[in-house]
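Below is coords.txt, holding compact mmCIF, C-alpha atoms.
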```txt
# COMPACT_ATOMS: atom_id res chain seq x y z
CA MET A 293 -12.73 -8.90 -12.81
CA THR A 294 -9.31 -10.51 -12.70
CA THR A 295 -8.90 -13.94 -14.26
CA ARG A 296 -6.37 -16.60 -13.26
CA ARG A 297 -4.47 -15.78 -16.45
CA ASP A 298 -4.19 -12.20 -15.18
CA PHE A 299 -2.85 -13.50 -11.88
CA ILE A 300 -0.14 -15.41 -13.75
CA ARG A 301 0.73 -12.31 -15.78
CA GLN A 302 0.92 -10.27 -12.60
CA ALA A 303 3.20 -12.88 -11.01
CA THR A 304 5.63 -12.35 -13.86
CA LEU A 305 5.46 -8.62 -13.23
CA LEU A 306 6.03 -9.18 -9.51
CA GLY A 307 9.37 -10.69 -10.40
CA ALA A 308 10.13 -8.23 -13.14
CA GLY A 309 9.65 -5.34 -10.76
CA LEU A 310 12.50 -6.65 -8.63
CA SER A 311 14.88 -8.10 -11.17
CA LEU A 312 14.52 -6.37 -14.53
CA ASN A 313 13.71 -2.88 -13.32
CA PRO A 314 15.73 -2.60 -10.10
CA PHE A 315 16.42 0.24 -7.72
CA PHE A 316 19.79 0.77 -9.39
CA ILE A 317 18.05 3.15 -11.81
CA LYS A 318 18.87 6.56 -10.38
CA ALA A 319 17.89 10.06 -11.32
CA GLY A 320 20.67 12.13 -12.85
CA ASN A 321 22.64 14.58 -10.72
CA ASN A 322 23.02 17.22 -13.42
CA SER A 323 21.32 20.56 -12.95
CA VAL A 324 17.89 20.75 -14.54
CA GLY A 325 16.68 23.75 -16.50
CA ALA A 326 13.34 25.41 -15.82
CA ASN A 327 11.83 23.88 -18.95
CA ASP A 328 12.77 20.40 -17.72
CA LYS A 329 10.98 20.68 -14.40
CA VAL A 330 8.61 17.91 -13.38
CA LYS A 331 5.64 19.77 -11.91
CA VAL A 332 3.97 17.89 -9.09
CA GLY A 333 0.62 18.30 -7.35
CA LEU A 334 -0.30 16.59 -4.08
CA ILE A 335 -3.83 15.51 -3.11
CA GLY A 336 -4.10 14.77 0.62
CA CYS A 337 -1.36 16.68 2.43
CA ASN A 338 -1.10 14.92 5.80
CA GLY A 339 0.96 11.87 6.80
CA MET A 340 2.46 9.84 3.98
CA GLY A 341 1.09 12.19 1.36
CA PHE A 342 3.46 14.93 2.48
CA ALA A 343 6.28 12.45 3.20
CA ASN A 344 6.02 11.38 -0.43
CA LEU A 345 6.12 14.99 -1.60
CA GLU A 346 9.23 15.65 0.50
CA ALA A 347 10.93 12.68 -1.20
CA PHE A 348 10.02 14.14 -4.61
CA LEU A 349 11.38 17.55 -3.63
CA LYS A 350 14.81 16.06 -2.91
CA ASN A 351 15.20 15.74 -6.69
CA PRO A 352 16.31 18.95 -8.43
CA GLU A 353 14.03 18.44 -11.43
CA VAL A 354 10.88 18.50 -9.28
CA GLU A 355 8.75 21.53 -8.48
CA CYS A 356 5.59 21.43 -6.37
CA ILE A 357 3.05 23.77 -7.96
CA ALA A 358 -0.23 22.66 -6.37
CA LEU A 359 -1.69 21.22 -3.16
CA ALA A 360 -5.21 19.99 -2.46
CA ASP A 361 -6.72 19.14 0.92
CA ILE A 362 -10.19 19.33 2.44
CA ASP A 363 -8.76 20.77 5.68
CA GLN A 364 -7.77 24.43 5.29
CA SER A 365 -5.44 24.34 8.30
CA VAL A 366 -3.55 21.38 6.82
CA LEU A 367 -3.44 23.08 3.42
CA ASP A 368 -1.99 26.29 4.85
CA THR A 369 0.51 24.49 7.08
CA LYS A 370 1.85 22.28 4.30
CA ALA A 371 2.02 25.13 1.81
CA ALA A 372 4.23 26.98 4.29
CA LYS A 373 6.32 23.85 4.74
CA VAL A 374 6.89 23.55 0.98
CA GLN A 375 8.01 27.17 0.94
CA GLU A 376 10.39 26.46 3.82
CA ILE A 377 11.89 23.47 1.96
CA THR A 378 12.11 24.98 -1.52
CA GLY A 379 11.97 28.73 -0.99
CA LYS A 380 8.84 28.87 -3.13
CA LYS A 381 5.19 28.51 -2.13
CA PRO A 382 3.00 26.31 -4.35
CA LYS A 383 1.17 28.51 -6.84
CA ASP A 384 -2.24 26.87 -6.45
CA LEU A 385 -4.02 25.66 -3.31
CA TYR A 386 -7.32 23.83 -3.62
CA LYS A 387 -10.00 22.50 -1.29
CA ASP A 388 -11.47 20.50 -4.20
CA TRP A 389 -9.03 17.93 -5.59
CA ARG A 390 -10.74 17.99 -8.99
CA LYS A 391 -9.35 21.47 -9.62
CA LEU A 392 -5.83 20.15 -9.14
CA ILE A 393 -6.53 17.41 -11.69
CA ASP A 394 -7.82 20.09 -14.11
CA ASN A 395 -4.62 22.13 -13.71
CA LYS A 396 -2.91 21.62 -17.07
CA ASP A 397 0.50 22.55 -15.64
CA VAL A 398 0.57 19.54 -13.27
CA ASP A 399 2.61 16.64 -14.71
CA VAL A 400 2.49 14.19 -11.79
CA VAL A 401 -0.23 13.72 -9.18
CA ILE A 402 0.60 12.29 -5.76
CA VAL A 403 -2.48 10.65 -4.24
CA GLY A 404 -2.04 10.73 -0.46
CA THR A 405 -5.69 10.56 0.59
CA PRO A 406 -7.40 7.82 2.64
CA ASP A 407 -7.84 4.50 0.85
CA HIS A 408 -11.48 5.03 -0.13
CA TRP A 409 -10.47 7.94 -2.38
CA HIS A 410 -7.59 6.32 -4.27
CA CYS A 411 -9.56 4.85 -7.15
CA LEU A 412 -11.50 7.98 -8.12
CA GLN A 413 -8.49 10.27 -7.90
CA MET A 414 -6.00 7.98 -9.61
CA VAL A 415 -8.37 7.23 -12.50
CA ALA A 416 -9.21 10.93 -12.93
CA ALA A 417 -5.50 11.80 -13.03
CA CYS A 418 -4.85 9.14 -15.68
CA GLN A 419 -7.78 10.38 -17.77
CA ALA A 420 -6.30 13.89 -17.59
CA GLY A 421 -2.98 12.61 -18.97
CA LYS A 422 -1.02 12.81 -15.74
CA ASP A 423 1.35 10.25 -14.24
CA VAL A 424 0.56 9.14 -10.70
CA TYR A 425 2.28 8.23 -7.46
CA CYS A 426 -0.48 6.55 -5.43
CA GLU A 427 -0.23 5.67 -1.76
CA LYS A 428 -0.78 2.07 -0.77
CA PRO A 429 -2.97 0.10 -0.59
CA LEU A 430 -3.82 0.86 -4.19
CA GLY A 431 -7.58 0.41 -3.83
CA ASN A 432 -10.17 -0.22 -1.14
CA SER A 433 -11.85 -3.14 -2.94
CA ILE A 434 -10.93 -5.80 -5.46
CA GLU A 435 -12.99 -4.22 -8.25
CA GLU A 436 -11.43 -0.79 -7.63
CA CYS A 437 -7.99 -2.34 -8.20
CA ASN A 438 -9.15 -3.90 -11.47
CA ILE A 439 -10.49 -0.55 -12.66
CA MET A 440 -7.24 1.21 -11.76
CA ILE A 441 -5.21 -1.29 -13.79
CA ARG A 442 -7.43 -0.69 -16.81
CA ALA A 443 -7.12 3.10 -16.43
CA ALA A 444 -3.31 3.06 -16.31
CA GLU A 445 -3.21 0.81 -19.37
CA LYS A 446 -5.86 2.67 -21.39
CA TYR A 447 -4.31 6.10 -20.85
CA ASN A 448 -0.70 4.82 -20.91
CA ARG A 449 0.27 6.47 -17.63
CA VAL A 450 3.34 5.73 -15.51
CA VAL A 451 2.02 4.77 -12.07
CA GLN A 452 4.11 4.01 -9.00
CA VAL A 453 2.37 2.58 -5.91
CA GLY A 454 3.76 3.63 -2.52
CA GLN A 455 5.16 0.20 -1.62
CA TRP A 456 8.62 1.70 -1.25
CA GLN A 457 10.20 -1.50 0.07
CA ARG A 458 10.20 -2.54 -3.59
CA SER A 459 13.05 -0.06 -4.06
CA ASP A 460 14.95 -0.83 -0.84
CA PRO A 461 18.12 -2.80 -1.69
CA HIS A 462 18.37 -5.06 1.36
CA TRP A 463 14.90 -6.46 0.64
CA GLN A 464 16.07 -7.44 -2.83
CA ASP A 465 19.24 -9.00 -1.41
CA ALA A 466 17.11 -11.14 0.89
CA MET A 467 14.95 -12.30 -2.03
CA ALA A 468 18.05 -13.37 -3.94
CA PHE A 469 19.02 -15.57 -0.98
CA VAL A 470 15.52 -17.07 -0.73
CA HIS A 471 15.61 -17.89 -4.44
CA SER A 472 19.07 -19.49 -4.14
CA GLY A 473 17.51 -22.62 -2.63
CA LYS A 474 19.90 -22.67 0.33
CA LEU A 475 17.04 -22.67 2.83
CA GLY A 476 15.79 -26.00 1.46
CA LYS A 477 12.11 -26.61 0.96
CA ILE A 478 10.12 -23.76 2.47
CA ARG A 479 7.02 -25.03 4.23
CA THR A 480 5.59 -21.75 5.46
CA VAL A 481 6.15 -18.01 5.39
CA ARG A 482 5.31 -16.17 8.59
CA VAL A 483 4.29 -12.58 7.97
CA PHE A 484 3.62 -10.41 10.99
CA SER A 485 2.95 -6.83 12.05
CA TYR A 486 2.70 -6.11 15.77
CA GLN A 487 2.35 -2.38 16.27
CA GLY A 488 2.71 -1.42 19.93
CA TRP A 489 2.99 2.26 19.06
CA CYS A 490 -0.48 2.10 17.53
CA PRO A 491 -2.87 1.93 20.48
CA SER A 492 -6.62 1.60 20.77
CA ILE A 493 -8.80 4.64 20.14
CA PRO A 494 -11.48 5.37 22.76
CA VAL A 495 -15.08 5.96 21.80
CA LYS A 496 -15.73 9.66 21.19
CA PRO A 497 -19.01 11.48 20.63
CA ASP A 498 -19.96 12.95 17.27
CA GLU A 499 -19.37 16.70 17.04
CA PRO A 500 -19.75 19.66 14.69
CA VAL A 501 -17.47 19.71 11.67
CA PRO A 502 -14.30 21.71 12.48
CA ALA A 503 -13.94 25.13 10.88
CA GLY A 504 -12.23 25.00 7.51
CA VAL A 505 -12.99 21.31 6.86
CA ASP A 506 -15.06 20.21 3.85
CA TYR A 507 -16.35 17.08 5.54
CA ASP A 508 -18.74 16.06 2.76
CA MET A 509 -15.77 16.02 0.37
CA TRP A 510 -13.73 14.04 2.90
CA LEU A 511 -16.45 11.37 2.95
CA GLY A 512 -16.75 11.38 -0.83
CA PRO A 513 -17.99 7.95 -1.98
CA ALA A 514 -18.17 6.60 1.59
CA PRO A 515 -21.50 6.43 3.47
CA SER A 516 -22.81 9.63 5.01
CA ARG A 517 -22.07 9.83 8.75
CA PRO A 518 -21.87 12.57 11.39
CA PHE A 519 -18.41 14.00 11.92
CA ASN A 520 -16.32 12.02 14.43
CA ARG A 521 -12.63 12.62 15.05
CA ASN A 522 -11.99 8.90 15.30
CA ARG A 523 -12.85 8.55 11.62
CA PHE A 524 -10.77 11.53 10.55
CA HIS A 525 -7.12 11.86 9.53
CA PHE A 526 -4.83 9.01 10.70
CA THR A 527 -7.36 6.80 12.50
CA PHE A 528 -9.62 6.45 9.45
CA ARG A 529 -7.75 3.18 8.78
CA TRP A 530 -9.60 1.35 11.57
CA PHE A 531 -13.01 1.70 9.88
CA TRP A 532 -14.32 -0.47 7.04
CA ASP A 533 -15.89 2.49 5.20
CA TYR A 534 -12.45 3.89 4.41
CA ALA A 535 -9.81 1.18 4.79
CA GLY A 536 -8.99 -2.35 5.99
CA GLY A 537 -7.01 -2.10 9.22
CA LEU A 538 -3.49 -3.45 9.58
CA MET A 539 -4.19 -6.18 7.01
CA THR A 540 -4.24 -3.67 4.17
CA ASP A 541 -2.08 -1.00 5.83
CA TRP A 542 0.98 -3.15 6.57
CA GLY A 543 -0.07 -6.29 4.74
CA VAL A 544 0.52 -4.85 1.29
CA HIS A 545 4.16 -4.18 2.22
CA LEU A 546 4.93 -7.51 3.83
CA LEU A 547 2.68 -10.01 2.05
CA ASP A 548 4.06 -8.62 -1.22
CA TYR A 549 7.45 -10.07 -0.38
CA ALA A 550 5.99 -13.37 0.79
CA LEU A 551 4.46 -13.85 -2.65
CA TYR A 552 7.59 -12.76 -4.49
CA GLY A 553 9.82 -14.98 -2.38
CA MET A 554 7.65 -18.01 -3.10
CA ASN A 555 6.91 -17.04 -6.73
CA VAL A 556 3.16 -17.52 -6.32
CA THR A 557 -0.03 -15.61 -6.96
CA ALA A 558 -3.50 -16.90 -6.08
CA PRO A 559 -3.90 -19.20 -3.05
CA ASN A 560 -5.98 -22.36 -3.09
CA SER A 561 -7.90 -21.26 -0.01
CA ILE A 562 -8.07 -18.51 2.60
CA MET A 563 -9.31 -18.61 6.18
CA ALA A 564 -8.99 -16.09 8.99
CA SER A 565 -9.67 -15.76 12.68
CA GLY A 566 -9.39 -12.86 15.08
CA GLY A 567 -11.36 -10.02 16.53
CA LYS A 568 -11.37 -7.17 18.97
CA PHE A 569 -9.68 -9.15 21.73
CA GLY A 570 -7.40 -6.51 23.22
CA TYR A 571 -9.81 -3.57 23.09
CA PRO A 572 -13.35 -4.95 22.79
CA ASP A 573 -15.01 -1.68 23.76
CA ASP A 574 -12.97 0.84 21.80
CA ALA A 575 -14.04 2.68 18.64
CA CYS A 576 -12.21 0.53 16.05
CA GLU A 577 -14.18 -1.66 13.64
CA THR A 578 -11.23 -3.59 12.20
CA PRO A 579 -9.77 -6.39 14.36
CA ASP A 580 -7.00 -5.57 16.82
CA LEU A 581 -5.73 -9.14 16.39
CA LEU A 582 -5.97 -11.25 13.24
CA GLN A 583 -4.44 -14.44 11.87
CA THR A 584 -4.99 -15.39 8.25
CA ILE A 585 -3.79 -18.54 6.53
CA TYR A 586 -3.37 -18.60 2.76
CA THR A 587 -2.91 -22.20 1.62
CA PHE A 588 -0.99 -23.02 -1.57
CA ASP A 589 -0.13 -26.43 -3.05
CA ASP A 590 2.64 -27.38 -0.62
CA PHE A 591 3.12 -24.49 1.80
CA THR A 592 1.22 -21.76 3.63
CA VAL A 593 1.56 -18.02 4.07
CA MET A 594 0.47 -17.00 7.56
CA TRP A 595 -0.46 -13.40 8.32
CA ASP A 596 -0.48 -12.33 11.99
CA HIS A 597 -1.16 -8.83 13.31
CA ALA A 598 -1.95 -7.00 16.52
CA ILE A 599 -2.14 -3.39 17.68
CA GLY A 600 -0.93 -2.29 21.11
CA ILE A 601 1.63 -5.13 21.25
CA ASP A 602 5.22 -5.03 19.99
CA ASP A 603 6.27 -8.67 20.44
CA GLY A 604 5.77 -10.26 17.03
CA ALA A 605 8.26 -12.99 16.13
CA TYR A 606 12.04 -13.40 16.06
CA GLY A 607 12.38 -10.47 18.46
CA ARG A 608 10.83 -8.08 15.94
CA ASN A 609 7.56 -6.17 15.73
CA HIS A 610 7.19 -6.72 11.97
CA GLY A 611 8.69 -8.80 9.21
CA LEU A 612 8.74 -12.15 7.44
CA GLY A 613 10.18 -15.55 8.26
CA PHE A 614 10.79 -17.90 5.33
CA VAL A 615 10.83 -21.21 7.21
CA GLY A 616 12.90 -23.75 5.28
CA GLU A 617 14.06 -27.23 6.20
CA ASN A 618 17.67 -26.01 6.43
CA GLY A 619 17.03 -22.65 8.05
CA THR A 620 14.81 -19.59 8.35
CA LEU A 621 15.47 -16.26 6.67
CA VAL A 622 14.09 -13.40 8.77
CA LEU A 623 13.57 -10.03 7.11
CA ASP A 624 12.30 -6.64 8.23
CA ARG A 625 12.95 -2.97 7.52
CA GLY A 626 16.11 -3.07 9.60
CA GLY A 627 17.83 -5.91 7.71
CA TRP A 628 17.85 -9.67 7.25
CA GLU A 629 19.56 -12.75 8.68
CA VAL A 630 19.45 -16.54 8.41
CA ILE A 631 18.89 -18.73 11.46
CA PRO A 632 20.04 -22.33 10.82
CA GLU A 633 17.79 -25.27 11.58
CA LYS A 634 19.41 -27.38 14.29
CA VAL A 635 18.54 -31.09 14.54
CA ASN A 636 20.17 -33.30 17.19
CA GLY A 637 22.64 -30.52 17.83
CA VAL A 638 23.75 -30.31 14.19
CA GLU A 639 23.08 -27.19 12.12
CA ARG A 640 21.85 -27.89 8.61
CA MET A 641 23.37 -24.75 7.10
CA GLU A 642 25.61 -21.84 7.97
CA ALA A 643 24.10 -18.89 9.75
CA VAL A 644 24.03 -15.53 8.04
CA ALA A 645 24.62 -12.72 10.50
CA LEU A 646 22.32 -9.71 10.38
CA LYS A 647 22.83 -7.73 7.19
CA LYS A 648 21.55 -4.27 7.97
CA ALA A 649 19.57 -2.01 5.69
CA TYR A 650 21.72 0.30 3.59
CA GLY A 651 21.44 2.99 0.94
CA GLU A 652 19.65 6.32 0.95
CA GLY A 653 16.28 4.95 2.03
CA GLY A 654 13.57 3.00 0.26
CA LEU A 655 11.19 5.93 -0.18
CA ASN A 656 13.83 8.18 -1.71
CA LEU A 657 14.91 5.44 -4.11
CA HIS A 658 11.30 4.64 -4.92
CA VAL A 659 10.63 8.21 -5.99
CA LYS A 660 13.84 8.31 -8.03
CA ASN A 661 12.75 5.14 -9.80
CA HIS A 662 9.37 6.70 -10.58
CA LEU A 663 10.94 9.86 -11.97
CA GLU A 664 13.32 7.87 -14.14
CA CYS A 665 10.48 5.73 -15.46
CA ILE A 666 8.49 8.86 -16.26
CA LYS A 667 11.39 10.23 -18.30
CA LYS A 668 11.70 6.96 -20.22
CA ARG A 669 7.92 6.41 -20.46
CA ASP A 670 8.54 3.01 -18.89
CA ARG A 671 5.43 1.79 -17.09
CA ASN A 672 7.31 -1.05 -15.37
CA CYS A 673 8.13 0.86 -12.17
CA ASN A 674 9.48 -1.01 -9.17
CA ALA A 675 5.94 -1.03 -7.71
CA SER A 676 3.91 -0.78 -10.89
CA ILE A 677 0.14 -0.64 -11.05
CA ASP A 678 0.04 -4.42 -11.60
CA ILE A 679 2.16 -5.13 -8.53
CA GLY A 680 0.21 -2.72 -6.34
CA ALA A 681 -3.16 -4.03 -7.50
CA HIS A 682 -2.22 -7.66 -7.06
CA ILE A 683 -1.13 -7.35 -3.44
CA ALA A 684 -3.97 -5.00 -2.52
CA LYS A 685 -6.40 -7.65 -3.76
CA PHE A 686 -4.49 -10.40 -1.95
CA SER A 687 -4.84 -8.47 1.33
CA GLN A 688 -8.53 -7.96 0.64
CA LEU A 689 -8.93 -11.74 0.36
CA GLY A 690 -7.78 -12.07 3.97
CA ASN A 691 -10.15 -9.39 5.23
CA ILE A 692 -13.07 -10.92 3.36
CA ALA A 693 -12.33 -14.33 4.90
CA TYR A 694 -12.34 -12.69 8.33
CA ARG A 695 -15.56 -10.77 7.76
CA THR A 696 -17.45 -13.82 6.47
CA GLY A 697 -15.94 -16.21 9.01
CA LYS A 698 -15.60 -18.84 6.27
CA LYS A 699 -12.87 -20.80 4.57
CA LEU A 700 -12.94 -19.45 1.04
CA THR A 701 -11.60 -20.51 -2.32
CA TRP A 702 -10.82 -17.98 -5.03
CA ASN A 703 -10.62 -18.53 -8.78
CA GLY A 704 -9.14 -15.13 -9.58
CA LYS A 705 -12.58 -13.69 -10.30
CA THR A 706 -15.07 -14.86 -7.69
CA PHE A 707 -15.25 -16.81 -4.45
CA ASN A 708 -17.00 -20.09 -3.82
CA ASP A 709 -19.45 -18.15 -1.65
CA THR A 710 -22.10 -15.60 -2.59
CA GLU A 711 -21.74 -13.76 0.72
CA ALA A 712 -18.02 -13.27 0.09
CA ASP A 713 -18.68 -12.05 -3.46
CA LYS A 714 -20.66 -9.13 -2.03
CA TYR A 715 -17.36 -7.68 -0.75
CA LEU A 716 -15.78 -7.53 -4.21
CA THR A 717 -17.17 -4.07 -4.96
CA LYS A 718 -17.80 -1.03 -2.78
CA GLU A 719 -21.13 0.74 -3.13
CA TYR A 720 -20.49 4.44 -3.74
CA ARG A 721 -22.53 7.23 -2.18
CA ALA A 722 -24.27 9.48 -4.73
CA PRO A 723 -23.35 11.54 -6.63
CA TRP A 724 -20.03 9.68 -6.74
CA GLU A 725 -19.88 6.66 -9.04
CA LEU A 726 -17.41 3.84 -9.48
CA PRO A 727 -15.31 4.83 -12.53
CA LYS A 728 -16.13 3.13 -15.81
CA VAL A 729 -12.98 2.31 -17.74
```
Output the structure of this file as structure tokens.
Amino acid sequence: MTTRRDFIRQATLLGAGLSLNPFFIKAGNNSVGANDKVKVGLIGCNGMGFANLEAFLKNPEVECIALADIDQSVLDTKAAKVQEITGKKPKDLYKDWRKLIDNKDVDVVIVGTPDHWHCLQMVAACQAGKDVYCEKPLGNSIEECNIMIRAAEKYNRVVQVGQWQRSDPHWQDAMAFVHSGKLGKIRTVRVFSYQGWCPSIPVKPDEPVPAGVDYDMWLGPAPSRPFNRNRFHFTFRWFWDYAGGLMTDWGVHLLDYALYGMNVTAPNSIMASGGKFGYPDDACETPDLLQTIYTFDDFTVMWDHAIGIDDGAYGRNHGLGFVGENGTLVLDRGGWEVIPEKVNGVERMEAVALKKAYGEGGLNLHVKNHLECIKKRDRNCNASIDIGAHIAKFSQLGNIAYRTGKKLTWNGKTFNDTEADKYLTKEYRAPWELPKV
């Protein structure tokens, strides 16, 4: 398990990922010969998995040679889409992801599966000598994240975690302003994700497994359950067996920048409150509204989320507010601005008008950074394994506080509570086992 010393080391890497290894690293524009091709295989072809592959395919040195998915209709559709994009159909299509890992021609594995699969697939890829682009959140438990760090280090693999905001330039510009000290003492960081587009899911009956779907493989290490469409594809994220709701889905993006802005790692305490307040009778297990407070020595980080509502804070549906005594810096995917603190009619600092996002897009730059790091054998990607693991664990702390209903303290290894410690590790369904690294 992670020690406090590891947290401190990871804090250094949090900063290094933004300052020493920035998005300015770009892939070359020269034509690439056939022998120089980076051969990519994708596991989990829906949603962000395929979006990640599309970003890879924008680089001339990349060739997609293999796809793996438990749903034959998805596999066929995405294979045709790759052919449409590149003019060439992937050579190998698999229902069993392990065959893709065994394919000696694959150089880089993109893990785009639900969260509960990330650890097994990422570790297997590292053991097979392949570099990995792994969707966020990195793992589905604190111990999974620790194992994944050890695997990347032991097998010396270049791993990029899909927290693409780490490569988006306006986010880095905002951090430079936060670190300038112009905001004055920051007392709290508000972090919020209000997703009105993401509504409740109604209760649906169990049903037969759809044709072409290997449902037992979809479940993998998760508990055995009858097939239910609510637990399949996109909406898996609202069930504890497979994911952690908005806290881990959006939290790893946004809380990551709260920690970097404040240059901190482990909180002194964590407490959370929320529940199924908007949709008490729907099918979701994770809360539709949640507030979590992480307390540090002289400030707090406050997480706030809701589904089915778009009105977060500062007129935005997601973002961060670094609340300083002179002003508040507000940041989201669209840009950043500074709102001065006004006392007795006098502003304590100059406003900074909205500085909009720019560049070719965070995901595209993130993939370019990964490819460049692979070429250089530089493991310090913009969202390295250490960065991804640290924030995935930090988000898990909030969920564990919610699920226990207790104010918890964390020493970097265990909680002050035996009930909370039970959430550190997921129990795997046989024959799957938690990797030993």
Task: Selection: 6 Å around region 492-509 of chain A, all atoms listed in the file, excl. self and same-chain fewer than 5 positions, as a count of residues only - done: 7
Would you tabulate, counting only C-alpha atoms, all residues of region 446-545 of chain A that have an atom at most 10 Å from an atom of region 665-669 of chain A, showing the closest pair of atoms and their distance in Å to one decimal, sorted by chain then ascending number, as a Markdown table?
```
| residue | atom | partner | partner_atom | distance |
| --- | --- | --- | --- | --- |
| A:Asn448 | CA | A:Arg669 | CA | 8.8 |
| A:Arg449 | CA | A:Arg669 | CA | 8.2 |
| A:Val450 | CA | A:Ile666 | CA | 6.1 |
| A:Val451 | CA | A:Ile666 | CA | 8.7 |
| A:Gln452 | CA | A:Cys665 | CA | 9.2 |
```
Could you give me the axis-aligned bounding box of region 377-389 of chain A, with 4 Å of padding per side, as centre plus edge lengths in Å to one decimal, as AutoDock Vina command-line options?
```
--center_x 0.3 --center_y 23.4 --center_z -2.4 --size_x 31.6 --size_y 18.9 --size_z 16.8
```
Wanna dump the region 465-567 of chain A-region 401-411 of chain A contacts at 9 Å for me, each residue with its shortest atom pair and the distance in Å to one decimal, counting all atoms listed in the file, ordered by chain and number, as CSV?
```
residue,atom,partner,partner_atom,distance
A:Trp510,CA,A:Trp409,CA,8.7
A:Leu511,CA,A:His408,CA,8.6
A:Gly512,CA,A:Trp409,CA,7.3
A:Pro513,CA,A:His408,CA,7.4
A:Ala514,CA,A:His408,CA,7.1
A:His525,CA,A:Pro406,CA,8.0
A:Phe526,CA,A:Pro406,CA,8.5
A:Phe528,CA,A:Pro406,CA,7.3
A:Arg529,CA,A:Pro406,CA,7.7
A:Asp533,CA,A:His408,CA,7.4
A:Tyr534,CA,A:His408,CA,4.8
A:Ala535,CA,A:Asp407,CA,5.5
A:Gly536,CA,A:Asp407,CA,8.6
```
Open item on the list: To one decimal place in Å, what is the distance between CA of Asp580 (chain A) and CA of Leu551 (chain A)?
Closed with: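 Atom-to-atom, CA of Asp580 (chain A) to CA of Leu551 (chain A), that is 24.1 Å.
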Task: Local residues around (1.7, -10.9, 8.3), at most 6 Å away, using all atoms listed in the file, as number ranges by chain - done: A: 483-485, 595-596
- [ ] Compare A:Ala675, A:Met340, A:Val622, A:Ala416 by their minimum atom-to-atom distance to Met440 (chain A), counting only C-alpha atoms, and give me the closest one.
- [x]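 Of the candidates, the smallest distance to Met440 (chain A) is held by A:Ala416.
For the pair CA of Trp628 (chain A) and CA of Ala466 (chain A), the interatomic distance is 6.6 Å.
Restricting the calculation to only C-alpha atoms, the smallest distance between Ala371 (chain A) and any of A:Trp463, A:Phe342, A:Phe469, A:Trp389 is found for A:Phe342.
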